[in-house]
Structure formats: C-alpha cells, structure tokens
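**Student:** So I've got this file, input_10.tsv, and it contains TSV, C-alpha atoms:
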chain	number	residue	atom	x	y	z
K	1	MET	CA	-34.56	-5.79	8.17
K	2	ALA	CA	-31.14	-7.02	7.12
K	3	ASN	CA	-28.37	-7.65	9.62
K	4	VAL	CA	-24.96	-6.02	9.67
K	5	GLY	CA	-22.67	-7.71	7.14
K	6	ILE	CA	-19.20	-9.06	7.85
K	7	VAL	CA	-16.04	-9.06	5.73
K	8	VAL	CA	-13.08	-11.28	6.67
K	9	ILE	CA	-9.76	-10.15	5.19
K	10	SER	CA	-6.71	-12.36	5.35
K	11	HIS	CA	-3.44	-12.70	3.48
K	12	SER	CA	-4.49	-16.27	2.79
K	13	GLU	CA	-7.50	-17.18	0.68
K	14	LYS	CA	-7.83	-20.40	2.66
K	15	ALA	CA	-7.66	-18.65	6.04
K	16	ALA	CA	-10.35	-16.14	5.04
K	17	GLU	CA	-12.57	-18.89	3.62
K	18	GLY	CA	-11.95	-21.04	6.68
K	19	ILE	CA	-12.97	-18.28	9.06
K	20	LYS	CA	-16.08	-17.60	6.99
K	21	GLU	CA	-16.91	-21.34	7.17
K	22	ILE	CA	-16.61	-21.42	10.94
K	23	VAL	CA	-18.76	-18.34	11.38
K	24	ASP	CA	-21.35	-19.43	8.79
K	25	GLN	CA	-21.66	-22.87	10.32
K	26	ALA	CA	-22.08	-21.62	13.86
K	27	VAL	CA	-24.15	-18.52	13.35
K	28	GLY	CA	-25.95	-18.27	10.00
K	29	LYS	CA	-28.48	-15.53	9.17
K	30	VAL	CA	-25.58	-13.13	8.68
K	31	ALA	CA	-23.89	-12.28	5.40
K	32	VAL	CA	-20.19	-13.08	5.73
K	33	GLU	CA	-17.84	-12.57	2.81
K	34	ALA	CA	-14.21	-13.65	2.63
K	35	ALA	CA	-11.56	-11.51	0.94
K	36	GLY	CA	-8.39	-13.55	1.19
K	37	GLY	CA	-5.22	-13.63	-0.88
K	38	LEU	CA	-4.49	-12.06	-4.22
K	39	GLU	CA	-6.49	-12.47	-7.43
K	40	ASP	CA	-4.46	-15.53	-8.36
K	41	GLY	CA	-4.70	-17.06	-4.89
K	42	GLU	CA	-1.18	-16.04	-3.87
K	43	ILE	CA	-0.50	-14.75	-0.36
K	44	GLY	CA	-1.35	-11.06	0.03
K	45	THR	CA	-4.43	-8.89	0.07
K	46	SER	CA	-6.25	-7.50	-2.92
K	47	LEU	CA	-7.85	-4.09	-2.91
K	48	GLU	CA	-10.30	-5.27	-5.59
K	49	LYS	CA	-11.30	-8.40	-3.68
K	50	ILE	CA	-11.87	-6.38	-0.53
K	51	GLN	CA	-13.97	-3.80	-2.38
K	52	ALA	CA	-16.04	-6.56	-3.98
K	53	ALA	CA	-16.57	-8.25	-0.61
K	54	ILE	CA	-17.75	-5.03	1.01
K	55	GLN	CA	-20.18	-4.37	-1.82
K	56	HIS	CA	-21.43	-7.93	-1.61
K	57	VAL	CA	-22.51	-7.74	2.04
K	58	HIS	CA	-23.23	-4.03	2.32
K	59	ASN	CA	-26.73	-2.95	3.24
K	60	ASP	CA	-28.19	-0.02	5.15
K	61	GLN	CA	-27.24	-1.64	8.46
K	62	GLY	CA	-23.57	-1.44	7.53
K	63	VAL	CA	-20.56	-3.69	7.48
K	64	VAL	CA	-17.92	-4.62	10.02
K	65	MET	CA	-14.55	-5.80	8.71
K	66	PHE	CA	-11.74	-7.86	10.22
K	67	TYR	CA	-8.14	-8.17	9.00
K	68	ASP	CA	-5.09	-10.23	9.89
K	69	LEU	CA	-1.82	-8.33	9.30
K	70	GLY	CA	-0.66	-4.74	8.77
K	71	SER	CA	-0.81	-4.47	5.00
K	72	ALA	CA	-4.30	-5.95	4.98
K	73	LYS	CA	-5.29	-3.00	7.13
K	74	MET	CA	-3.92	-0.52	4.60
K	75	ASN	CA	-5.79	-2.16	1.76
K	76	ALA	CA	-8.94	-2.33	3.86
K	77	GLU	CA	-8.72	1.38	4.70
K	78	MET	CA	-8.21	2.26	1.05
K	79	ALA	CA	-11.13	0.10	-0.03
K	80	ILE	CA	-13.40	1.91	2.43
K	81	GLU	CA	-12.16	5.35	1.32
K	82	MET	CA	-12.57	4.53	-2.35
K	83	LEU	CA	-16.06	3.08	-2.07
K	84	GLU	CA	-17.21	6.11	-0.08
K	85	LEU	CA	-19.81	4.05	1.74
K	86	GLU	CA	-21.35	4.98	5.04
K	87	ASN	CA	-21.43	2.55	7.95
K	88	VAL	CA	-18.34	0.52	7.18
K	89	HIS	CA	-16.17	-0.16	10.22
K	90	LEU	CA	-12.73	-1.72	10.30
K	91	ALA	CA	-12.46	-3.54	13.61
K	92	GLU	CA	-9.33	-3.87	15.73
K	93	ALA	CA	-9.90	-7.38	16.99
K	94	PRO	CA	-8.51	-10.88	16.39
K	95	VAL	CA	-9.79	-11.85	12.98
K	96	LEU	CA	-11.48	-15.15	13.85
K	97	GLU	CA	-12.72	-14.38	17.34
K	98	GLY	CA	-13.76	-10.90	16.30
K	99	ALA	CA	-15.71	-12.05	13.27
K	100	TYR	CA	-17.37	-14.75	15.36
K	101	LEU	CA	-18.47	-12.34	18.06
K	102	ALA	CA	-19.66	-9.80	15.50
K	103	ALA	CA	-21.68	-12.47	13.70
K	104	VAL	CA	-23.37	-13.54	16.91
K	105	GLU	CA	-24.26	-9.94	17.71
K	106	ALA	CA	-25.36	-9.24	14.13
K	107	SER	CA	-27.59	-12.32	14.10
K	108	MET	CA	-29.43	-10.86	17.10
K	109	GLY	CA	-30.16	-7.80	15.02
K	110	LYS	CA	-27.70	-5.54	16.83
K	111	SER	CA	-26.71	-2.30	15.13
K	112	LEU	CA	-23.22	-1.60	13.80
K	113	LYS	CA	-22.66	0.76	16.70
K	114	GLU	CA	-23.62	-1.88	19.25
K	115	ILE	CA	-21.42	-4.47	17.57
K	116	VAL	CA	-18.42	-2.13	17.55
K	117	LYS	CA	-18.99	-1.46	21.25
K	118	ALA	CA	-19.20	-5.19	22.00
K	119	LEU	CA	-15.94	-5.79	20.12
K	120	GLU	CA	-14.16	-3.01	21.96
K	121	LYS	CA	-15.36	-4.39	25.28
K	122	GLU	CA	-14.29	-7.95	24.50
K	123	PHE	CA	-10.89	-7.32	22.87
B	1	MET	CA	12.81	21.15	-15.44
B	2	LYS	CA	9.89	20.49	-17.73
B	3	PHE	CA	8.58	17.15	-16.68
B	4	THR	CA	6.17	15.75	-19.25
B	5	ALA	CA	3.98	12.67	-19.53
B	6	ASP	CA	6.65	11.07	-21.74
B	7	LEU	CA	9.25	11.58	-19.03
B	8	ALA	CA	6.84	10.21	-16.44
B	9	ILE	CA	6.51	7.06	-18.56
B	10	ASP	CA	10.28	6.92	-19.00
B	11	TRP	CA	10.66	7.12	-15.21
B	12	MET	CA	8.27	4.22	-14.64
B	13	THR	CA	10.00	2.22	-17.39
B	14	LYS	CA	13.42	2.68	-15.80
B	15	ALA	CA	12.02	1.96	-12.33
B	16	ASN	CA	10.45	-1.23	-13.66
B	17	GLN	CA	13.78	-2.29	-15.15
B	18	LYS	CA	15.57	-1.86	-11.84
B	19	ILE	CA	12.86	-3.70	-9.92
B	20	GLN	CA	12.86	-6.62	-12.38
B	21	ASP	CA	16.69	-6.80	-12.40
B	22	ASN	CA	16.77	-6.83	-8.61
B	23	LYS	CA	13.67	-8.88	-7.94
B	24	ASP	CA	15.56	-11.74	-6.26
B	25	TYR	CA	17.77	-9.35	-4.31
B	26	LEU	CA	14.72	-7.50	-2.94
B	27	SER	CA	13.08	-10.75	-1.93
B	28	SER	CA	16.26	-11.94	-0.23
B	29	LEU	CA	16.38	-8.71	1.79
B	30	ASP	CA	12.78	-9.29	2.75
B	31	GLN	CA	13.45	-12.92	3.67
B	32	ALA	CA	15.90	-11.67	6.28
B	33	ILE	CA	13.49	-9.40	8.13
B	34	GLY	CA	10.04	-9.69	6.55
B	35	ASP	CA	7.93	-12.24	4.74
B	36	GLY	CA	10.19	-12.62	1.73
B	37	ASP	CA	7.85	-11.52	-1.01
B	38	HIS	CA	8.88	-7.90	-1.59
B	39	GLY	CA	10.74	-8.54	-4.86
B	40	ILE	CA	8.02	-10.74	-6.30
B	41	ASN	CA	5.30	-8.29	-5.26
B	42	MET	CA	7.03	-5.23	-6.66
B	43	ALA	CA	7.98	-7.03	-9.88
B	44	ARG	CA	4.39	-8.15	-10.38
B	45	GLY	CA	3.10	-4.63	-9.70
B	46	PHE	CA	5.52	-2.84	-11.99
B	47	ASP	CA	5.00	-5.42	-14.70
B	48	ALA	CA	1.29	-4.58	-14.56
B	49	VAL	CA	2.11	-0.85	-14.63
B	50	MET	CA	4.16	-1.29	-17.81
B	51	ASN	CA	1.34	-3.25	-19.43
B	52	LYS	CA	-1.13	-0.54	-18.56
B	53	LEU	CA	1.06	2.36	-19.68
B	54	GLY	CA	1.98	0.60	-22.91
B	55	ASN	CA	-1.63	0.23	-23.95
B	56	ASN	CA	-2.80	3.80	-23.52
B	57	ASP	CA	-1.93	7.36	-24.51
B	58	TYR	CA	-1.27	9.99	-21.88
B	59	GLU	CA	-1.19	13.74	-22.24
B	60	GLN	CA	-0.63	14.68	-18.64
B	61	VAL	CA	1.93	13.63	-16.05
B	62	ALA	CA	-0.95	13.32	-13.58
B	63	ASP	CA	-2.63	10.66	-15.72
B	64	VAL	CA	0.53	8.54	-15.92
B	65	TRP	CA	1.04	8.70	-12.16
B	66	LYS	CA	-2.59	8.04	-11.35
B	67	GLU	CA	-2.73	5.01	-13.62
B	68	SER	CA	0.51	3.69	-12.13
B	69	ALA	CA	-0.79	4.30	-8.60
B	70	MET	CA	-4.05	2.46	-9.13
B	71	THR	CA	-2.26	-0.46	-10.76
B	72	LEU	CA	0.28	-0.79	-7.94
B	73	MET	CA	-2.48	-0.61	-5.33
B	74	SER	CA	-4.41	-3.43	-6.91
B	75	LYS	CA	-1.54	-5.65	-8.04
B	76	VAL	CA	1.30	-5.54	-5.52
B	77	GLY	CA	-0.49	-7.33	-2.69
B	78	GLY	CA	1.68	-6.52	0.33
B	79	ALA	CA	2.07	-3.23	2.19
B	80	SER	CA	4.11	-1.81	-0.67
B	81	GLY	CA	1.08	-1.65	-2.97
B	82	PRO	CA	-0.92	0.77	-0.83
B	83	LEU	CA	2.23	2.72	0.10
B	84	PHE	CA	3.84	3.22	-3.31
B	85	GLY	CA	0.34	3.57	-4.76
B	86	THR	CA	-0.56	6.30	-2.28
B	87	ALA	CA	2.72	8.10	-3.01
B	88	LEU	CA	2.07	8.22	-6.75
B	89	LEU	CA	-1.59	9.04	-6.28
B	90	LYS	CA	-0.71	12.06	-4.10
B	91	MET	CA	1.86	13.13	-6.68
B	92	SER	CA	-0.70	12.89	-9.44
B	93	MET	CA	-3.12	15.05	-7.47
B	94	ALA	CA	-0.43	17.69	-6.91
B	95	VAL	CA	0.31	18.11	-10.63
B	96	LYS	CA	-3.21	17.73	-11.96
B	97	GLY	CA	-3.95	19.82	-15.04
B	98	GLU	CA	-0.32	20.58	-15.87
B	99	ALA	CA	1.14	19.41	-19.17
B	100	GLU	CA	4.65	20.30	-18.00
B	101	VAL	CA	5.61	20.09	-14.35
B	102	ASP	CA	8.28	22.50	-13.12
B	103	ASP	CA	10.74	21.96	-10.26
B	104	LYS	CA	8.66	23.76	-7.67
B	105	THR	CA	5.54	21.72	-8.40
B	106	PHE	CA	7.56	18.51	-8.57
B	107	VAL	CA	8.97	19.19	-5.10
B	108	GLU	CA	5.47	19.88	-3.80
B	109	ALA	CA	4.31	16.61	-5.32
B	110	LEU	CA	7.10	14.74	-3.52
B	111	GLU	CA	6.14	16.43	-0.26
B	112	ASP	CA	2.53	15.33	-0.70
B	113	ALA	CA	3.70	11.82	-1.49
B	114	LEU	CA	5.72	11.66	1.72
B	115	ALA	CA	2.77	12.95	3.76
B	116	GLY	CA	0.57	10.33	2.10
B	117	ILE	CA	2.97	7.48	2.90
B	118	LYS	CA	3.19	8.59	6.53
B	119	GLN	CA	-0.56	8.83	6.84
B	120	ARG	CA	-1.25	5.49	5.12
B	121	GLY	CA	1.45	3.60	7.00
B	122	LYS	CA	0.93	5.49	10.27
B	123	ALA	CA	4.69	5.75	10.46
B	124	GLU	CA	7.35	8.37	10.98
B	125	GLU	CA	11.03	8.69	10.19
B	126	GLY	CA	13.44	6.39	12.04
B	127	GLU	CA	11.26	3.28	12.11
B	128	LYS	CA	13.14	1.41	9.37
B	129	THR	CA	10.61	1.90	6.61
B	130	MET	CA	10.62	3.47	3.15
B	131	ILE	CA	9.98	6.80	4.90
B	132	ASP	CA	13.65	6.76	5.90
B	133	VAL	CA	14.50	7.24	2.22
B	134	TRP	CA	11.59	9.44	1.21
B	135	ALA	CA	11.96	11.94	4.08
B	136	PRO	CA	15.64	12.89	3.49
B	137	VAL	CA	15.07	13.05	-0.28
B	138	VAL	CA	12.09	15.35	0.10
B	139	GLU	CA	13.96	17.47	2.64
B	140	LYS	CA	16.94	17.89	0.29
B	141	MET	CA	14.74	18.71	-2.72
B	142	ASN	CA	12.71	21.11	-0.63
B	143	GLU	CA	15.82	22.99	0.55
B	144	ALA	CA	17.08	23.37	-3.01
B	145	GLN	CA	13.62	23.88	-4.53
B	146	THR	CA	14.92	21.94	-7.48
B	147	VAL	CA	15.15	18.30	-8.44
B	148	GLU	CA	18.76	17.69	-9.38
B	149	ALA	CA	19.64	14.17	-10.55
B	150	GLY	CA	22.97	13.79	-8.75
B	151	VAL	CA	21.70	15.07	-5.40
B	152	LEU	CA	18.61	12.93	-5.74
B	153	ARG	CA	20.57	9.74	-6.34
B	154	ASP	CA	23.20	10.39	-3.66
B	155	THR	CA	20.67	11.36	-1.01
B	156	ALA	CA	18.49	8.34	-1.73
B	157	GLU	CA	21.46	5.99	-1.77
B	158	SER	CA	22.99	7.10	1.53
B	159	ALA	CA	19.56	7.16	3.18
B	160	MET	CA	18.89	3.64	1.92
B	161	GLU	CA	22.22	2.41	3.30
B	162	ALA	CA	21.53	4.06	6.64
B	163	THR	CA	18.43	1.90	7.17
B	164	LYS	CA	20.82	-0.97	7.96
B	165	ASP	CA	21.53	0.41	11.43
B	166	ILE	CA	17.94	1.14	12.39
B	167	VAL	CA	15.93	-1.16	14.65
B	168	ALA	CA	12.53	-1.68	13.06
B	169	THR	CA	9.51	-0.45	14.99
B	170	LYS	CA	7.00	-0.54	12.09
B	171	GLY	CA	6.08	-3.17	9.56
B	172	ARG	CA	6.68	-6.90	9.63
B	173	ALA	CA	10.34	-6.43	10.62
B	174	ALA	CA	9.22	-4.90	13.92
B	175	TYR	CA	8.40	-8.43	15.13
B	176	LEU	CA	12.16	-9.12	15.03
B	177	LYS	CA	13.03	-6.10	17.20
B	178	GLU	CA	16.85	-5.90	17.73
B	179	ARG	CA	17.42	-8.67	15.20
B	180	SER	CA	16.21	-6.36	12.43
B	181	LYS	CA	19.42	-4.38	12.88
B	182	GLY	CA	22.18	-5.05	10.35
B	183	HIS	CA	19.75	-5.56	7.48
B	184	LEU	CA	18.65	-3.10	4.84
B	185	ASP	CA	14.97	-2.26	4.74
B	186	PRO	CA	13.57	-3.72	1.50
B	187	GLY	CA	11.03	-0.92	0.97
B	188	SER	CA	13.84	1.62	1.32
B	189	VAL	CA	15.87	-0.23	-1.30
B	190	SER	CA	12.97	-0.18	-3.78
B	191	SER	CA	12.43	3.49	-2.98
B	192	TYR	CA	16.08	4.05	-3.82
B	193	TYR	CA	15.55	2.30	-7.18
B	194	LEU	CA	12.59	4.57	-7.82
B	195	PHE	CA	14.65	7.71	-7.16
B	196	ALA	CA	17.71	6.38	-9.03
B	197	ALA	CA	15.42	5.75	-12.00
B	198	LEU	CA	14.08	9.29	-11.74
B	199	ALA	CA	17.64	10.62	-11.68
B	200	GLU	CA	18.41	8.69	-14.87
B	201	THR	CA	15.29	10.04	-16.54
B	202	LEU	CA	16.28	13.59	-15.63
B	203	GLU	CA	19.86	13.07	-16.82
B	204	GLY	CA	18.64	11.66	-20.12
B	205	GLU	CA	16.64	14.82	-20.53
B	206	GLY	CA	19.47	17.22	-19.62
What does the file become when written as structure tokens?
**Tutor:**
Amino acid sequence: MANVGIVVISHSEKAAEGIKEIVDQAVGKVAVEAAGGLEDGEIGTSLEKIQAAIQHVHNDQGVVMFYDLGSAKMNAEMAIEMLELENVHLAEAPVLEGAYLAAVEASMGKSLKEIVKALEKEF
Amino acid sequence: MKFTADLAIDWMTKANQKIQDNKDYLSSLDQAIGDGDHGINMARGFDAVMNKLGNNDYEQVADVWKESAMTLMSKVGGASGPLFGTALLKMSMAVKGEAEVDDKTFVEALEDALAGIKQRGKAEEGEKTMIDVWAPVVEKMNEAQTVEAGVLRDTAESAMEATKDIVATKGRAAYLKERSKGHLDPGSVSSYYLFAALAETLEGEG
C-alpha cells in the first residue's frame, strides 16, 4: 500500500526543491513533490505547478501539503478546490519541519488523519 | 446599462493599460510595505489576459470574465492572482447565460466578487487590503442599484486614498504593523485602476 504523499509549496523554486531534498535524503519511501516559484522560476507560487504536484503524489492514502507565505496558501486552497480530490490536507505547520515530520510519519505507513494529528500536536 | 462581452473586453483592455502604465508605481508602493512585486505581477497577469482575450471570440460576458479570472489566477503569482481571479470568477458565475447584463445583475456580480475576495483572503474591511476599495464601491452601487461611472470612479478613488491611514493587519504589510501607516495599499490602488477602467468603459458606451 502506498504512503501518504507530500507537496512542498514555496515562493522560491530553490527553497521548495531544497526542502524536498532534505526530506528525501533523510526519509525516503515517501513521494515528495516540490511546487516552488512561478513557471519561469520567478518568486511567487503557481496554481498550475501546485495542481501538477498534487496530482503527481496523489494516491488513495491522500496528500498533505505545506506552504510558506500567505499567498501560497490561497493558491494551495484553490488548487485543492479545483482538483476536487478527496484526502488532500493543507497543513498549518512550518514548511520544512512540518514536511519532515509528515514524511517520517508517512514512511511508517501512518494514515493522513494520523499525520494531521501528529502535526497539530507538534506545531 | 447593457453590458456585453465586447464591453467586458473593453474593460479588461483599459484595465490592462492602466496597470501597464503604472507598473513601476505599483511596485514602488509594494516595496514600501510588501515584497515589491505587485506591479510586475499584475502587469504579467494582465498581459496574459490580453493575449488570451485577443485570440478567442466571446459571446457572453461570463466567458470573458471567466477566461480573465483563470488567466490571472495562474499567471499573477502573488496573492493578487487568487484574489482578483476569484473576484472575476464570482462575477462570471453571477452573470452566466446572459448576453447582456443589466445594472441589477452587475451589482449582484460585484457583491459576489466582494464576498469571494473576503472568503479567499480571510479578510474584512479595515485591514488595509483591496477589500477597503471593493467594499465601499459595492455598498454605493448596491444603494443606488445602478452602476454609474462618476460615482464608481469617485468612490473607488477616495476609498483607495483612505487606505493610507490604515494600519495593516492582513497581508504582507501586516508584518510592519504601525509602520504600514502612511502608505497606500498597492492592491487597493490596482483595484481603483480596475474600477476607473470600468467607469471609462461605461462612459464610452453612454
């Protein structure tokens, strides 16, 4: 059975990729996708990139998403609404630490619900 | 008022012009209390809207607004993309199926847009955001049940100027707290351009 997937959203392509690298390197066995910056690599967040990232890691276990600043949250919420997927959760946690904790939990086969609870407890 | 798809395109065209002409000004406002990219973001978004609208035919106002909304959402990048995009998307939903939009329906569309912006941004009036322009405009239009160019422009302009004295409690400027006072809110200034452009479109029609 697949593990819960993770999407890292940042205004910076490099920051999102960097966070994915840290999590991948330390945890593994969990699908992490970065959605950072605009299409052309400029600072910002792209609705299309976020949607693509969600679709990339989505499976029946669900997806947990992390974002950095306010407008990233708006784009993340819209991406979720537009895709109309079940089991996608936008977490209120520090983007790096949150993604790291979620990945550890996901790698142990925890459910989306359990991961969300763990995040709420920690942050 | 008989607001058609052609007028909707004219509105977006005039709005684009104002945004492009004031791109540097908008960014300078944003440099003072935000992250300095508002002008660039809006200019990029509206440029993409013009490209899109120029390459297609539209029969309904709703189609023009929906296309513009989706383009702004995907191209602007900052908070303004989702917010202006949501506004236009709500407006398009309110006028769906109508070839000519009358005053009453237009006012309803503006009301829906305002509700959408509030919901998306989780913000209310008085927090130094674009809502501080949208709310008074919608209120004025709602009272009159008509969209009159002069009232529209004047209301939007004075509301935009009033954002100078507000301390930001939402958006990036909120990090500055008291220091955000004395500066115009960039999103309110672009909202003013949007309404000033609409006023021009309506005047051109009258």
**Student:** Just give me the gap between atom CA of Met70 of chain B and atom CA of Ser190 of chain B in Å, one decimal is fine.
**Tutor:**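 Pair atom CA of Met70 of chain B / atom CA of Ser190 of chain B returns 18.0 Å.
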**Student:** Need the shell around Met160 of chain B: protein/DNA/RNA residues with any atom at most 6 Å away, counting only C-alpha atoms. Skip same-chain ones fewer than 3 positions apart. Format as a PDB file with C-alpha atoms, in the coordinates of the input?
**Tutor:**
ATOM      1  CA  VAL B 133      14.500   7.240   2.220  1.00  0.00           C
ATOM      2  CA  ALA B 156      18.490   8.340  -1.730  1.00  0.00           C
ATOM      3  CA  GLU B 157      21.460   5.990  -1.770  1.00  0.00           C
ATOM      4  CA  THR B 163      18.430   1.900   7.170  1.00  0.00           C
ATOM      5  CA  SER B 188      13.840   1.620   1.320  1.00  0.00           C
ATOM      6  CA  VAL B 189      15.870  -0.230  -1.300  1.00  0.00           C
TER       7      VAL B 189
END
**Student:** For atom CA of Tyr100 of chain K and atom CA of Gly70 of chain K, determine how far apart the two atoms are, in Å to one decimal place.
**Tutor:** 20.6 Å
**Student:** Find the residues of chain B in contact range of chain K, meaning any atom within 10 Å when counting all atoms listed in the file, and list them as a ChimeraX atom specification.
**Tutor:** /B:37,41,70,73-83,86,120-122,170-172
**Student:** Tell me which of B:Glu98, B:Asp6, B:Glu200, B:Asp165 sits closest to Glu127 of chain B, counting all atoms listed in the file.
**Tutor:**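 Of the candidates, the smallest distance to Glu127 of chain B is held by B:Asp165.
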**Student:** Identify which of the residues K:Val88, K:Ala106, K:Ala35, K:Val116 lies closest to Ser10 of chain K, counting only C-alpha atoms when measuring atom-to-atom distances.
**Tutor:**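 Closest to Ser10 of chain K, using only C-alpha atoms: K:Ala35.
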**Student:** So that I can see what lies close to Leu90 of chain K, please list as a ChimeraX atom specification the residues with an atom at most 12 Å from it, counting all atoms listed in the file and leaving out residues fewer than 5 positions away in the same chain.
**Tutor:** /K:6-9,50,54,62-68,72-81,95,98-99,102,112,115-116,119-120
**Student:** Rounded to one decimal place, report the atom CA of Lys117 of chain K-atom CA of Val57 of chain K distance in Å.
**Tutor:**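 So the two atoms, atom CA of Lys117 of chain K and atom CA of Val57 of chain K, lie 20.5 Å apart.
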**Student:** Find the residues near Asp102 of chain B: any atom within 6 Å, counting all atoms listed in the file, skip ones fewer than 3 places away on the same chain, and give them as a PyMOL selection string.
**Tutor:** chain B and resi 1-2+105
**Student:** Excluding Asp60 of chain K and residues on its chain fewer than 4 positions from it, collect all residues at most 12 Å away from it, counting all atoms listed in the file, and give them as a PyMOL selection string.
**Tutor:** chain K and resi 1-5+55+85-88+111-112
**Student:** I need the residue nearest Leu83 of chain K from this list: K:Glu97, K:Ala53, K:Gly41, K:Lys14. Use only C-alpha atoms for the distance.
**Tutor:**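 Residue with the minimum atom-to-atom distance to Leu83 of chain K: K:Ala53.
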